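Below is one structure, written out as structure tokens; the observations come after it.
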Amino acid sequence: IGKTLRETQRFKRYADDNVVNPCLPAPVVSKGSYCITGLEHDQSGYPVECADERAHQVLRRQLKLSMIEKEHAHLIEYDIDTTIKSSVDFSITAWGADCMAVKEAVAKLRNKGFLIAAMYSQIVFPVCHDALNKLVEHSYLLFLPETNASGQYARLIRMETGISPISLTFADGEPMNPDRCAAEIETLIVKRHRNDE
């Protein structure tokens with residue numbers, strides 16, 4: 001008797017009105033326990049085995065995934081010269097640790113006169129559809145240098161978006177070399193221009 005409603009309710013870390021950023025309880029203030037399991041759970045975090053709750057949790061996860069690109073736009077960097085009135089020669093994208101080397105390669109290629117639209121992402125999955133579509137508006141010829149033998153990110157982009165990047169794989173165990181990256185792109189561009197003539 002005499003307790004407020006706030007004191008008697010269980011803490012709801014996974015409340016439906018807070019899908020994106022589940023909150024954490026504050027000791028003493030929230031009057032609730034902090035429960036985490038690897039199982040399906042109710043809004044308070046306690047395990048449940050109900051099919052309806054499972055379906056509800058799957059929907060919440062899908063909603064979170066669909067909002068990642070918008071919620072974390074600061075993890076996507078564009079390098080597109082807006083003063084260029086004509087189309088660019090090609091687009092390029094990279095992710096993670098490869099971004100710095102690719103930025104250097106882009107600078108080298110621009111010094112040689114190439115017009116380039118670039119986008120660098122720290123988000124690999126879910127694939128950033130909006131950012132990639134914005135990039136290929138400038139040129140559908142998209143290069144994707146990456147330091148692995150299988151071209152994983154290029155294949156993921158192809159599978160998720162239908163955009164077909166030209167995969168440049170560097171798998172010699174060393175960090176990506178900007179000079180080598182720039183040289184390989186330049187060789188491919190020159191070869192392409194010869195084939196177009």
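For the structure tokens, the naming scheme is as follows: chains receive sequential letters (A, B, ...) according to their order of presentation, residues are indexed from 1 within each chain, and ligands are indexed from 1 in presentation order.
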
> Out of stretch 48-136 of chain A, which residues get alpha helix (DSSP H) from DSSP, as JSON, numbers by chain?
Replying inline: {"A": [51, 52, 53, 54, 55, 56, 57, 58, 59, 60, 61, 62, 63, 64, 65, 66, 67, 68, 69, 70, 71, 98, 99, 100, 101, 102, 103, 104, 105, 106, 107, 108, 109, 110, 111, 129, 130, 131, 132, 133, 134, 135, 136]}

>> Taking 5 positions as the minimum chain separation for residues in the same chain, which residues sit within 9 Å of A:Phe125 when counting only C-alpha atoms? Answer as a PyMOL selection string.
In response: chain A and resi 65+68+156

>> For a test of reading the model, state the distance in Å between atom CA of A:Met119 and atom CA of A:Leu75, rounded to one decimal.
In response: 10.6 Å

> Pick the closest to A:Ala107 from A:Arg60, A:Met176, A:Val136, A:Asp79: which is it, counting only C-alpha atoms?
Replying inline: A:Asp79

Residues of stretch 103-168 of chain A at most 10 Å from stretch 181-187 of chain A: nearest atom pair and distance in Å, only C-alpha atoms, as JSON lines:
```
{"residue": "A:Lys103", "atom": "CA", "partner": "A:Ala182", "partner_atom": "CA", "distance": 9.9}
{"residue": "A:Glu104", "atom": "CA", "partner": "A:Ala182", "partner_atom": "CA", "distance": 8.5}
{"residue": "A:Ala105", "atom": "CA", "partner": "A:Ala182", "partner_atom": "CA", "distance": 4.8}
{"residue": "A:Val106", "atom": "CA", "partner": "A:Ala182", "partner_atom": "CA", "distance": 7.0}
{"residue": "A:Ala107", "atom": "CA", "partner": "A:Ala182", "partner_atom": "CA", "distance": 9.0}
{"residue": "A:Lys108", "atom": "CA", "partner": "A:Ala182", "partner_atom": "CA", "distance": 6.8}
{"residue": "A:Leu109", "atom": "CA", "partner": "A:Ala182", "partner_atom": "CA", "distance": 6.3}
{"residue": "A:Arg110", "atom": "CA", "partner": "A:Ala182", "partner_atom": "CA", "distance": 9.9}
{"residue": "A:Lys112", "atom": "CA", "partner": "A:Glu186", "partner_atom": "CA", "distance": 9.6}
{"residue": "A:Phe114", "atom": "CA", "partner": "A:Glu186", "partner_atom": "CA", "distance": 9.1}
{"residue": "A:Phe143", "atom": "CA", "partner": "A:Ile185", "partner_atom": "CA", "distance": 7.7}
{"residue": "A:Leu144", "atom": "CA", "partner": "A:Ile185", "partner_atom": "CA", "distance": 9.8}
{"residue": "A:Pro145", "atom": "CA", "partner": "A:Cys181", "partner_atom": "CA", "distance": 7.2}
{"residue": "A:Glu146", "atom": "CA", "partner": "A:Cys181", "partner_atom": "CA", "distance": 9.5}
{"residue": "A:Ile166", "atom": "CA", "partner": "A:Ile185", "partner_atom": "CA", "distance": 9.7}
{"residue": "A:Leu168", "atom": "CA", "partner": "A:Cys181", "partner_atom": "CA", "distance": 8.1}
```

> Of the residues A:Ala154, A:Leu115, A:Leu142, A:Ala51, which is the one nearest to A:Ser87, using only C-alpha atoms?
Replying inline: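 Answer, going by the shortest atom-to-atom distance: A:Leu115.
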
> If you measure from atom CA of A:Ser91 to atom CA of A:Ile116, what distance in Å do you get, rounded to one decimal?
Replying inline: 5.6 Å

>> Would you pick out the contacts of A:Asn133 at 9 Å or less, using only C-alpha atoms, so that residues sharing its chain but fewer than 5 positions from it are not included, and give the list as a VMD selection string?
In response: chain A and resid 128 161 163

Can you spit out the residues from that selection as an mmCIF file, in the first residue's frame, using N, CA and C atoms?
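again-v6.cif written:
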```cif
data_model
loop_
_atom_site.group_PDB
_atom_site.id
_atom_site.type_symbol
_atom_site.label_atom_id
_atom_site.label_comp_id
_atom_site.auth_asym_id
_atom_site.auth_seq_id
_atom_site.Cartn_x
_atom_site.Cartn_y
_atom_site.Cartn_z
ATOM 1 N N CYS A 128 24.014 -0.865 -47.235
ATOM 2 C CA CYS A 128 23.461 0.498 -47.256
ATOM 3 C C CYS A 128 22.881 0.807 -48.639
ATOM 4 N N THR A 161 21.433 -5.826 -53.689
ATOM 5 C CA THR A 161 20.959 -4.625 -54.393
ATOM 6 C C THR A 161 20.794 -4.794 -55.894
ATOM 7 N N ILE A 163 23.171 -4.177 -57.832
ATOM 8 C CA ILE A 163 24.297 -3.381 -58.342
ATOM 9 C C ILE A 163 25.484 -4.337 -58.484
#
```

>> What's around A:Gly173 at 12 Å? Count only C-alpha atoms, leave out sequence neighbours fewer than 3 positions away in its own chain, and write the answer as a list in words.
In response: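 Counting only C-alpha atoms, the residues come to Glu146, Thr147, Asn148, Ala149, Thr169, Phe170, Met176 and Asn177 of chain A.
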
> So how many Å separate atom CA of A:His129 and atom CA of A:Ala171, to one decimal?
Replying inline: 26.6 Å

> For A:Glu69, which of A:Ser139, A:Gln57, A:Thr93, A:Gln122 is the closest residue, counting only C-alpha atoms?
Replying inline: A:Gln122

> Restricting the calculation to only C-alpha atoms, which member of A:His193, A:Glu71, A:Ile123, A:Pro47 is positioned closest to A:Gly96?
Replying inline: A:Ile123
